[in-house]
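For reference, run_10.cif (mmCIF, C-alpha atoms and all ligand atoms):
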```cif
data_target
#
loop_
_atom_site.label_atom_id
_atom_site.label_comp_id
_atom_site.auth_asym_id
_atom_site.auth_seq_id
_atom_site.Cartn_x
_atom_site.Cartn_y
_atom_site.Cartn_z
CA MET F 1 104.80 104.66 62.55
CA LYS F 2 104.56 102.66 65.78
CA ALA F 3 100.96 103.06 66.90
CA VAL F 4 98.27 101.52 69.07
CA LEU F 5 94.87 101.32 67.38
CA LYS F 6 91.98 101.35 69.81
CA LEU F 7 89.00 99.80 68.05
CA GLY F 8 86.00 100.91 70.07
CA GLY F 9 83.23 98.53 70.97
CA SER F 10 80.89 100.91 69.16
CA VAL F 11 82.80 100.24 65.94
CA PHE F 12 83.66 96.57 66.43
CA SER F 13 80.30 95.36 67.68
CA ALA F 14 77.69 98.06 68.20
CA GLU F 15 74.78 95.71 67.55
CA GLY F 16 76.72 92.49 67.12
CA VAL F 17 79.77 91.95 64.96
CA ASP F 18 79.40 93.02 61.32
CA ARG F 19 81.09 90.28 59.26
CA ASP F 20 81.89 92.59 56.33
CA PHE F 21 83.53 95.16 58.61
CA LEU F 22 85.51 92.42 60.40
CA GLU F 23 86.86 91.19 57.05
CA THR F 24 87.63 94.68 55.77
CA VAL F 25 89.31 95.90 58.94
CA SER F 26 91.42 92.71 59.22
CA SER F 27 92.63 93.07 55.68
CA LYS F 28 93.43 96.78 56.24
CA ILE F 29 95.32 95.97 59.46
CA GLY F 30 97.32 93.47 57.36
CA GLU F 31 98.16 96.21 54.82
CA TRP F 32 99.11 98.71 57.52
CA ALA F 33 101.24 96.16 59.38
CA ARG F 34 103.42 95.66 56.30
CA VAL F 35 104.60 99.27 56.66
CA HIS F 36 103.94 100.20 60.29
CA GLN F 37 104.24 98.58 63.72
CA ILE F 38 100.72 98.12 65.01
CA ALA F 39 99.07 96.82 68.17
CA VAL F 40 95.28 96.68 68.37
CA VAL F 41 93.07 97.00 71.45
CA VAL F 42 89.42 96.03 71.10
CA GLY F 43 86.57 97.35 73.28
CA GLY F 44 83.77 95.33 74.85
CA GLY F 45 80.91 96.38 72.55
CA LYS F 46 77.50 94.76 72.62
CA ILE F 47 78.35 91.75 74.80
CA SER F 48 79.97 93.93 77.42
CA ARG F 49 76.92 96.22 77.52
CA GLU F 50 74.37 93.39 77.61
CA TYR F 51 76.19 91.26 80.17
CA GLY F 52 77.14 94.32 82.22
CA GLU F 53 73.55 95.61 82.37
CA LEU F 54 72.26 92.19 83.38
CA GLY F 55 75.05 91.76 85.92
CA ARG F 56 74.22 95.12 87.51
CA LYS F 57 70.76 93.76 88.40
CA PHE F 58 72.46 91.16 90.64
CA THR F 59 75.47 92.98 92.05
CA SER F 60 76.93 96.39 92.71
CA ASP F 61 80.45 94.96 92.91
CA GLU F 62 82.20 97.19 90.34
CA ASP F 63 85.27 94.93 90.14
CA LEU F 64 83.07 91.98 89.24
CA LEU F 65 81.19 94.04 86.65
CA ASP F 66 84.51 95.24 85.25
CA THR F 67 85.63 91.62 85.00
CA VAL F 68 82.56 90.90 82.87
CA GLY F 69 83.55 93.79 80.58
CA ILE F 70 87.18 92.64 80.42
CA MET F 71 86.12 89.13 79.41
CA ALA F 72 83.78 90.58 76.76
CA SER F 73 86.60 92.66 75.28
CA ARG F 74 88.81 89.56 75.20
CA VAL F 75 86.10 87.64 73.33
CA ASN F 76 86.08 90.44 70.74
CA ALA F 77 89.89 90.43 70.67
CA SER F 78 89.83 86.64 70.07
CA LEU F 79 87.48 87.08 67.13
CA LEU F 80 89.70 89.76 65.55
CA LEU F 81 92.70 87.54 66.15
CA ALA F 82 90.93 84.69 64.34
CA ALA F 83 90.11 86.99 61.42
CA LEU F 84 93.73 88.21 61.22
CA GLY F 85 95.06 84.63 61.01
CA ASP F 86 98.84 84.45 60.49
CA LEU F 87 99.20 88.22 60.72
CA ALA F 88 98.59 88.17 64.48
CA ALA F 89 100.30 86.67 67.50
CA THR F 90 98.04 83.92 68.88
CA GLU F 91 98.15 84.99 72.54
CA ILE F 92 96.09 87.81 74.03
CA PRO F 93 98.09 89.78 76.62
CA LYS F 94 96.45 90.41 79.99
CA SER F 95 98.99 92.94 81.24
CA GLU F 96 101.77 95.23 80.02
CA GLU F 97 104.38 92.57 80.92
CA GLU F 98 102.58 89.92 78.89
CA PHE F 99 102.30 92.35 75.99
CA LEU F 100 106.07 92.91 75.96
CA ASN F 101 106.79 89.15 76.23
CA ILE F 102 104.44 88.33 73.37
CA SER F 103 105.88 91.17 71.32
CA GLU F 104 109.42 89.87 71.83
CA LYS F 105 108.44 86.31 70.90
CA ASN F 106 106.47 87.37 67.79
CA PRO F 107 108.43 89.93 65.79
CA GLY F 108 106.44 91.40 62.92
CA LYS F 109 103.09 90.09 64.19
CA VAL F 110 100.16 92.24 65.20
CA ILE F 111 99.31 91.88 68.89
CA VAL F 112 95.64 92.13 69.80
CA ALA F 113 94.50 92.92 73.34
CA GLY F 114 91.27 93.47 75.24
CA GLY F 115 91.01 94.60 78.85
CA PHE F 116 93.81 94.39 81.40
CA ARG F 117 92.43 95.06 84.89
CA PRO F 118 89.38 96.48 86.73
CA GLY F 119 89.02 100.21 87.33
CA GLN F 120 89.55 101.41 83.77
CA ARG F 121 88.45 100.98 80.14
CA THR F 122 90.20 99.72 77.04
CA ASP F 123 91.28 103.32 76.19
CA ALA F 124 93.57 102.94 79.22
CA VAL F 125 94.94 99.63 77.92
CA SER F 126 95.88 101.43 74.68
CA ALA F 127 97.73 104.11 76.62
CA GLU F 128 99.42 101.53 78.87
CA ILE F 129 100.65 99.58 75.85
CA ALA F 130 101.78 102.77 74.10
CA GLU F 131 103.78 103.69 77.19
CA VAL F 132 105.66 100.41 77.69
CA TRP F 133 106.05 99.66 73.97
CA GLY F 134 107.22 103.18 73.12
CA ALA F 135 104.47 103.84 70.56
CA GLU F 136 104.27 107.27 69.00
CA MET F 137 100.53 107.52 69.01
CA VAL F 138 97.22 106.07 70.19
CA ILE F 139 94.52 106.18 67.51
CA LYS F 140 91.08 105.96 69.11
CA CYS F 141 88.68 104.64 66.45
CA THR F 142 85.18 105.35 67.66
CA ASP F 143 81.63 106.14 66.50
CA VAL F 144 81.99 109.94 66.29
CA ASP F 145 84.13 111.94 63.83
CA TYR F 146 85.79 114.19 66.42
CA ILE F 147 85.98 115.01 70.09
CA TYR F 148 83.36 117.74 70.65
CA ASP F 149 83.07 120.29 73.42
CA LYS F 150 80.19 118.14 74.79
CA ASP F 151 78.54 114.85 73.88
CA PRO F 152 77.22 115.28 70.30
CA ASN F 153 74.71 112.48 70.86
CA LYS F 154 73.12 114.50 73.66
CA PHE F 155 73.63 118.13 72.56
CA GLU F 156 72.74 119.32 69.07
CA ASP F 157 74.90 122.43 69.45
CA ALA F 158 78.08 120.46 70.31
CA LYS F 159 81.09 121.93 68.51
CA LYS F 160 83.81 119.77 66.99
CA LEU F 161 87.35 120.22 68.28
CA GLU F 162 90.07 119.69 65.67
CA SER F 163 92.84 119.87 68.24
CA VAL F 164 92.92 119.58 72.04
CA SER F 165 95.73 119.86 74.57
CA PHE F 166 96.40 117.14 77.13
CA GLU F 167 94.89 119.40 79.82
CA GLU F 168 91.70 119.79 77.78
CA LEU F 169 91.58 116.03 77.20
CA LYS F 170 91.75 115.38 80.94
CA LYS F 171 88.85 117.78 81.52
CA LEU F 172 86.76 116.14 78.76
CA ALA F 173 87.55 112.70 80.20
CA GLY F 174 86.04 113.79 83.51
CA SER F 175 86.97 112.93 87.04
CA GLU F 176 83.98 110.89 88.15
CA GLU F 177 84.72 107.61 89.85
CA HIS F 178 85.00 104.73 87.38
CA ARG F 179 81.87 102.60 86.86
CA ALA F 180 81.73 99.53 84.63
CA ASN F 181 80.30 100.28 81.18
CA VAL F 182 79.94 104.00 81.82
CA SER F 183 82.00 106.04 79.36
CA THR F 184 83.14 109.50 78.33
CA ILE F 185 85.01 110.21 75.10
CA MET F 186 88.30 109.16 76.75
CA ASP F 187 88.83 107.07 79.85
CA PRO F 188 90.36 109.29 82.60
CA VAL F 189 93.13 106.74 83.30
CA ALA F 190 94.06 106.89 79.61
CA ALA F 191 93.96 110.70 79.53
CA LYS F 192 96.28 110.84 82.55
CA ILE F 193 98.86 108.46 81.03
CA LEU F 194 98.79 110.20 77.63
CA SER F 195 99.25 113.54 79.32
CA GLU F 196 101.99 112.48 81.76
CA LYS F 197 103.98 110.60 79.11
CA GLY F 198 103.34 113.06 76.29
CA ILE F 199 101.91 110.36 74.02
CA LYS F 200 99.97 111.87 71.09
CA ALA F 201 96.48 110.64 70.26
CA ALA F 202 93.99 110.96 67.43
CA VAL F 203 90.24 110.46 67.86
CA VAL F 204 88.54 109.46 64.61
CA ASN F 205 85.60 107.64 63.14
CA GLY F 206 86.53 103.96 63.13
CA LYS F 207 84.52 103.11 60.03
CA ASP F 208 86.65 105.38 57.81
CA LEU F 209 89.63 103.11 57.29
CA GLU F 210 91.22 105.25 54.55
CA ASN F 211 91.33 108.12 57.06
CA ILE F 212 93.07 105.90 59.63
CA GLY F 213 95.63 104.93 56.96
CA ARG F 214 96.34 108.63 56.41
CA ILE F 215 97.17 109.11 60.11
CA LEU F 216 99.63 106.20 60.02
CA ASP F 217 101.26 107.71 56.93
CA GLY F 218 101.64 111.05 58.75
CA LYS F 219 99.19 112.82 56.43
CA GLU F 220 96.30 115.22 57.09
CA PHE F 221 93.23 113.44 58.47
CA LYS F 222 89.69 114.10 59.62
CA GLY F 223 89.47 113.89 63.41
CA THR F 224 90.76 115.41 66.63
CA ARG F 225 94.47 115.74 67.28
CA VAL F 226 95.43 115.39 70.95
CA GLY F 227 98.71 116.86 72.09
CA PHE F 228 99.96 117.82 68.62
N1 LIG F 301 82.90 115.44 74.28
C1 LIG F 301 82.56 114.37 73.54
N2 LIG F 301 82.92 114.30 72.23
C2 LIG F 301 82.61 113.23 71.49
N3 LIG F 301 81.90 112.16 71.96
C3 LIG F 301 81.52 112.17 73.26
C4 LIG F 301 81.83 113.27 74.11
N4 LIG F 301 81.34 113.00 75.34
C5 LIG F 301 80.77 111.81 75.28
N5 LIG F 301 80.85 111.30 74.02
C6 LIG F 301 80.35 109.97 73.64
O1 LIG F 301 81.46 109.10 73.50
C7 LIG F 301 81.08 108.04 72.64
C8 LIG F 301 82.28 107.33 72.04
O2 LIG F 301 83.25 106.98 72.98
P1 LIG F 301 83.29 105.61 73.85
O3 LIG F 301 84.63 105.53 74.43
O4 LIG F 301 82.14 105.57 74.78
O5 LIG F 301 82.98 104.46 72.82
P2 LIG F 301 83.89 103.41 72.06
O6 LIG F 301 84.68 104.07 71.01
O7 LIG F 301 82.94 102.36 71.61
O8 LIG F 301 84.92 102.83 73.08
P3 LIG F 301 84.75 101.70 74.21
O9 LIG F 301 84.76 100.37 73.54
O10 LIG F 301 85.95 101.90 75.07
O11 LIG F 301 83.46 102.01 74.91
C9 LIG F 301 80.22 108.73 71.58
O12 LIG F 301 79.24 107.87 71.05
C10 LIG F 301 79.61 109.94 72.31
O13 LIG F 301 78.22 109.78 72.54
O1 LIG F 302 91.29 97.23 81.27
C1 LIG F 302 90.05 97.19 81.31
C2 LIG F 302 89.22 97.27 80.19
C3 LIG F 302 87.85 97.19 80.31
N1 LIG F 302 87.28 97.06 81.54
C4 LIG F 302 85.80 96.93 81.69
O2 LIG F 302 85.22 96.46 80.48
C5 LIG F 302 84.24 97.40 80.00
C6 LIG F 302 84.26 97.39 78.49
O3 LIG F 302 85.42 98.05 78.00
P1 LIG F 302 85.26 99.34 77.08
O4 LIG F 302 86.60 99.90 76.90
O5 LIG F 302 84.33 100.30 77.79
O6 LIG F 302 84.63 98.85 75.80
C7 LIG F 302 84.62 98.73 80.68
O7 LIG F 302 83.53 99.62 80.80
C8 LIG F 302 85.10 98.24 82.04
O8 LIG F 302 83.98 97.96 82.85
C9 LIG F 302 88.07 97.03 82.66
O9 LIG F 302 87.59 96.93 83.80
N2 LIG F 302 89.44 97.10 82.51
#
```
Take the structure in the file and write it out as structure tokens.
Amino acid sequence: MKAVLKLGGSVFSAEGVDRDFLETVSSKIGEWARVHQIAVVVGGGKISREYGELGRKFTSDEDLLDTVGIMASRVNASLLLAALGDLAATEIPKSEEEFLNISEKNPGKVIVAGGFRPGQRTDAVSAEIAEVWGAEMVIKCTDVDYIYDKDPNKFEDAKKLESVSFEELKKLAGSEEHRANVSTIMDPVAAKILSEKGIKAAVVNGKDLENIGRILDGKEFKGTRVGF
């Protein structure tokens, strides 16, 4: 399968980077990349949150705060790239065009990205890459097992959704104006691209790597199917 894996900040560095997880996920990505075509997008995680919260005390310039988040996600992407070693292309793309150039120059290598531009989150980068690269699916690896009908960390009676349509995804993503480091289960820019381009997505717990392997192999998996 040709797929974009979105490794959420909550998985990659919730409270700092977990060395064991970094080693395990890098080795799994290596295994998957032998059989599948994979690009990885990493979220901003702890540094993005910490720097963003501090930055907000000094400025309300959302583009500047977004830039802080973008740089944080690229730091995380650099660390994953280091852990992947020869498996990965050494450059981190900063746009769709750069992604395609790097992809052309590095056949067979995993390309790792962070943020692209202000006004969105790394979910959107995953969808943007999937669109230009012609990927079949975006796999959002996050800190919840499913998309629910409301935030399960706020509402005890939230119900899991095993399958949602693109229209439902757009509603769950919300339509509030983008603010740096404020998130819903899917970035609205990402939901719009997935929906308009008919790109399937899966939302799963990022710590369950066997489950992610099952998605790539086209098998049954635990998580929410979007658009299929
Ligand atoms: N309807 C919902 N279903 C599931 N989770 C939801 C929902 N609404 C809000 N959430 C929240 O979304 C969070 C996970 O998504 P989020 O994109 O914020 O994190 P992430 O995977 O770390 O990605 P990123 O690095 O882009 O922030 C969950 O921890 C949960 O609290
Ligand atoms: O393309 C992008 C990606 C990210 N940002 C900003 O960075 C933070 C952290 O990214 P997450 O995906 O939420 O982990 C995000 O909230 C944005 O403020 C961006 O501007 N553009």
Site check for ligand LIG 302 (chain F): residues at most 7 Å away, only C-alpha atoms and all ligand atoms, as a PyMOL selection string: chain F and resi 8-9+43-45+48+65-70+73+114-125+179-183
Box along x, y and z, 8 Å on every side, all listed atoms of ligand LIG 301 (chain F) inside: centre and edge lengths in Å to one decimal, as AutoDock Vina command-line options.
```
--center_x 82.1 --center_y 107.9 --center_z 73.2 --size_x 23.7 --size_y 31.1 --size_z 20.3
```
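Counting from CA of Lys46 (chain F), the distance to CA of Val226 (chain F) is 27.4 Å.
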Distance criterion (only C-alpha atoms): nearest to Glu210 (chain F) out of F:Tyr148, F:Phe228, F:Phe58, F:Trp32: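 Among the listed residues, the smallest separation from Glu210 (chain F) belongs to F:Trp32.
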Between CA of Cys141 (chain F) and CA of Val204 (chain F), what distance in Å does the model show, to one decimal? 5.2 Å
Counting only C-alpha atoms and all ligand atoms, which of F:Asn211, F:Thr184, F:Thr224, F:Ser126 gets nearest to ligand LIG 301 (chain F)?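 Of F:Asn211, F:Thr184, F:Thr224, F:Ser126, the one nearest ligand LIG 301 (chain F) is F:Thr184, counting only C-alpha atoms and all ligand atoms.
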Residue contacts of Gly134 (chain F) (10 Å, all atoms listed in the file) excluding same-chain residues fewer than 4 positions away, as a PyMOL selection string: chain F and resi 2-4+128-130+199
Report, in Å with one decimal, the straight-line distance from CA of Ile47 (chain F) to CA of Ala14 (chain F). 9.2 Å
Just want the 10 Å neighbourhood of Ala33 (chain F), counted on all atoms listed in the file, with same-chain residues fewer than 2 positions away dropped. Output as a list in words.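 With the cut-off at 10 Å, the set is Met1, Lys2, Ser27, Lys28, Ile29, Gly30, Glu31, Val35, His36, Gln37, Ile38, Ala39, Leu87, Ala88, Gly108, Lys109 and Val110 of chain F.
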Surrounding residues of region 150-157 of chain F excluding itself and chain neighbours under 3 positions, 10 Å, only C-alpha atoms, as a ChimeraX atom specification: /F:144,146-147,160-161,172,184-185
Which residue is closest to ligand LIG 301 (chain F)? Choose from F:Gly85, F:Gly55, F:Pro188, F:Pro107 and count only C-alpha atoms and all ligand atoms.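 When distances to ligand LIG 301 (chain F) are compared using only C-alpha atoms and all ligand atoms, the smallest one comes from F:Pro188.
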I need the residue nearest ligand LIG 301 (chain F) from this list: F:Lys219, F:Lys192, F:Lys94, F:Arg74. Use all atoms listed in the file for the distance.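 Of all the options, F:Arg74 lies closest to ligand LIG 301 (chain F).
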Could you tell me which of F:Lys159, F:Arg34, F:Arg19, F:Lys57 comes closest to ligand LIG 301 (chain F) if we count all atoms listed in the file? F:Lys159
For Leu169 (chain F), which residue out of F:Gly227, F:Gly198, F:Gly213, F:Pro93 is the nearest one, using all atoms listed in the file? F:Gly227
Please export region 191-202 of chain F as a PDB file, in the first residue's frame, restricted to all heavy atoms.
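Full text of part39.pdb as output:
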```pdb
ATOM      1  N   ALA F 191      -9.445  17.492   6.743  1.00  0.00           N
ATOM      2  CA  ALA F 191     -10.751  16.871   6.481  1.00  0.00           C
ATOM      3  C   ALA F 191     -11.275  17.308   5.110  1.00  0.00           C
ATOM      4  O   ALA F 191     -11.832  16.498   4.355  1.00  0.00           O
ATOM      5  CB  ALA F 191     -11.735  17.249   7.581  1.00  0.00           C
ATOM      6  N   LYS F 192     -11.062  18.572   4.783  1.00  0.00           N
ATOM      7  CA  LYS F 192     -11.549  19.111   3.496  1.00  0.00           C
ATOM      8  C   LYS F 192     -10.817  18.431   2.328  1.00  0.00           C
ATOM      9  O   LYS F 192     -11.449  17.989   1.362  1.00  0.00           O
ATOM     10  CB  LYS F 192     -11.314  20.629   3.479  1.00  0.00           C
ATOM     11  CG  LYS F 192     -11.883  21.359   2.308  1.00  0.00           C
ATOM     12  CD  LYS F 192     -11.901  22.872   2.610  1.00  0.00           C
ATOM     13  CE  LYS F 192     -12.518  23.655   1.475  1.00  0.00           C
ATOM     14  NZ  LYS F 192     -11.607  23.915   0.359  1.00  0.00           N
ATOM     15  N   ILE F 193      -9.498  18.319   2.432  1.00  0.00           N
ATOM     16  CA  ILE F 193      -8.735  17.692   1.327  1.00  0.00           C
ATOM     17  C   ILE F 193      -9.131  16.218   1.174  1.00  0.00           C
ATOM     18  O   ILE F 193      -9.392  15.739   0.076  1.00  0.00           O
ATOM     19  CB  ILE F 193      -7.207  17.802   1.575  1.00  0.00           C
ATOM     20  CG1 ILE F 193      -6.769  19.264   1.586  1.00  0.00           C
ATOM     21  CG2 ILE F 193      -6.420  17.013   0.527  1.00  0.00           C
ATOM     22  CD1 ILE F 193      -5.345  19.504   2.040  1.00  0.00           C
ATOM     23  N   LEU F 194      -9.191  15.506   2.311  1.00  0.00           N
ATOM     24  CA  LEU F 194      -9.538  14.073   2.246  1.00  0.00           C
ATOM     25  C   LEU F 194     -10.886  13.898   1.561  1.00  0.00           C
ATOM     26  O   LEU F 194     -11.070  13.033   0.699  1.00  0.00           O
ATOM     27  CB  LEU F 194      -9.560  13.462   3.658  1.00  0.00           C
ATOM     28  CG  LEU F 194      -8.223  13.425   4.412  1.00  0.00           C
ATOM     29  CD1 LEU F 194      -8.434  12.931   5.854  1.00  0.00           C
ATOM     30  CD2 LEU F 194      -7.211  12.525   3.709  1.00  0.00           C
ATOM     31  N   SER F 195     -11.823  14.761   1.968  1.00  0.00           N
ATOM     32  CA  SER F 195     -13.174  14.667   1.434  1.00  0.00           C
ATOM     33  C   SER F 195     -13.207  15.009  -0.067  1.00  0.00           C
ATOM     34  O   SER F 195     -13.770  14.272  -0.871  1.00  0.00           O
ATOM     35  CB  SER F 195     -14.067  15.612   2.250  1.00  0.00           C
ATOM     36  OG  SER F 195     -15.276  15.800   1.612  1.00  0.00           O
ATOM     37  N   GLU F 196     -12.584  16.137  -0.421  1.00  0.00           N
ATOM     38  CA  GLU F 196     -12.639  16.577  -1.825  1.00  0.00           C
ATOM     39  C   GLU F 196     -11.929  15.595  -2.754  1.00  0.00           C
ATOM     40  O   GLU F 196     -12.343  15.387  -3.888  1.00  0.00           O
ATOM     41  CB  GLU F 196     -12.019  17.961  -1.967  1.00  0.00           C
ATOM     42  CG  GLU F 196     -12.966  19.045  -1.488  1.00  0.00           C
ATOM     43  CD  GLU F 196     -12.350  20.441  -1.549  1.00  0.00           C
ATOM     44  OE1 GLU F 196     -11.200  20.596  -2.002  1.00  0.00           O
ATOM     45  OE2 GLU F 196     -13.038  21.375  -1.120  1.00  0.00           O
ATOM     46  N   LYS F 197     -10.845  15.021  -2.275  1.00  0.00           N
ATOM     47  CA  LYS F 197     -10.044  14.126  -3.138  1.00  0.00           C
ATOM     48  C   LYS F 197     -10.404  12.663  -2.962  1.00  0.00           C
ATOM     49  O   LYS F 197      -9.815  11.791  -3.612  1.00  0.00           O
ATOM     50  CB  LYS F 197      -8.537  14.325  -2.870  1.00  0.00           C
ATOM     51  CG  LYS F 197      -8.069  15.759  -3.008  1.00  0.00           C
ATOM     52  CD  LYS F 197      -8.244  16.268  -4.439  1.00  0.00           C
ATOM     53  CE  LYS F 197      -8.052  17.771  -4.533  1.00  0.00           C
ATOM     54  NZ  LYS F 197      -8.448  18.349  -5.792  1.00  0.00           N
ATOM     55  N   GLY F 198     -11.316  12.379  -2.023  1.00  0.00           N
ATOM     56  CA  GLY F 198     -11.723  10.984  -1.804  1.00  0.00           C
ATOM     57  C   GLY F 198     -10.583  10.114  -1.295  1.00  0.00           C
ATOM     58  O   GLY F 198     -10.475   8.936  -1.664  1.00  0.00           O
ATOM     59  N   ILE F 199      -9.724  10.696  -0.455  1.00  0.00           N
ATOM     60  CA  ILE F 199      -8.605   9.911   0.103  1.00  0.00           C
ATOM     61  C   ILE F 199      -9.073   9.273   1.413  1.00  0.00           C
ATOM     62  O   ILE F 199      -9.487   9.985   2.342  1.00  0.00           O
ATOM     63  CB  ILE F 199      -7.361  10.811   0.357  1.00  0.00           C
ATOM     64  CG1 ILE F 199      -6.920  11.484  -0.941  1.00  0.00           C
ATOM     65  CG2 ILE F 199      -6.220   9.985   0.979  1.00  0.00           C
ATOM     66  CD1 ILE F 199      -5.945  12.635  -0.757  1.00  0.00           C
ATOM     67  N   LYS F 200      -8.961   7.939   1.510  1.00  0.00           N
ATOM     68  CA  LYS F 200      -9.408   7.237   2.713  1.00  0.00           C
ATOM     69  C   LYS F 200      -8.483   7.571   3.880  1.00  0.00           C
ATOM     70  O   LYS F 200      -7.319   7.914   3.693  1.00  0.00           O
ATOM     71  CB  LYS F 200      -9.313   5.716   2.491  1.00  0.00           C
ATOM     72  CG  LYS F 200     -10.196   5.177   1.413  1.00  0.00           C
ATOM     73  CD  LYS F 200     -10.103   3.670   1.350  1.00  0.00           C
ATOM     74  CE  LYS F 200      -8.797   3.184   0.741  1.00  0.00           C
ATOM     75  NZ  LYS F 200      -8.737   1.750   0.481  1.00  0.00           N
ATOM     76  N   ALA F 201      -9.026   7.424   5.089  1.00  0.00           N
ATOM     77  CA  ALA F 201      -8.183   7.612   6.279  1.00  0.00           C
ATOM     78  C   ALA F 201      -8.560   6.579   7.331  1.00  0.00           C
ATOM     79  O   ALA F 201      -9.665   6.019   7.310  1.00  0.00           O
ATOM     80  CB  ALA F 201      -8.357   9.025   6.827  1.00  0.00           C
ATOM     81  N   ALA F 202      -7.606   6.331   8.226  1.00  0.00           N
ATOM     82  CA  ALA F 202      -7.884   5.483   9.387  1.00  0.00           C
ATOM     83  C   ALA F 202      -7.370   6.260  10.595  1.00  0.00           C
ATOM     84  O   ALA F 202      -6.321   6.911  10.520  1.00  0.00           O
ATOM     85  CB  ALA F 202      -7.147   4.160   9.260  1.00  0.00           C
TER      86      ALA F 202
END
```
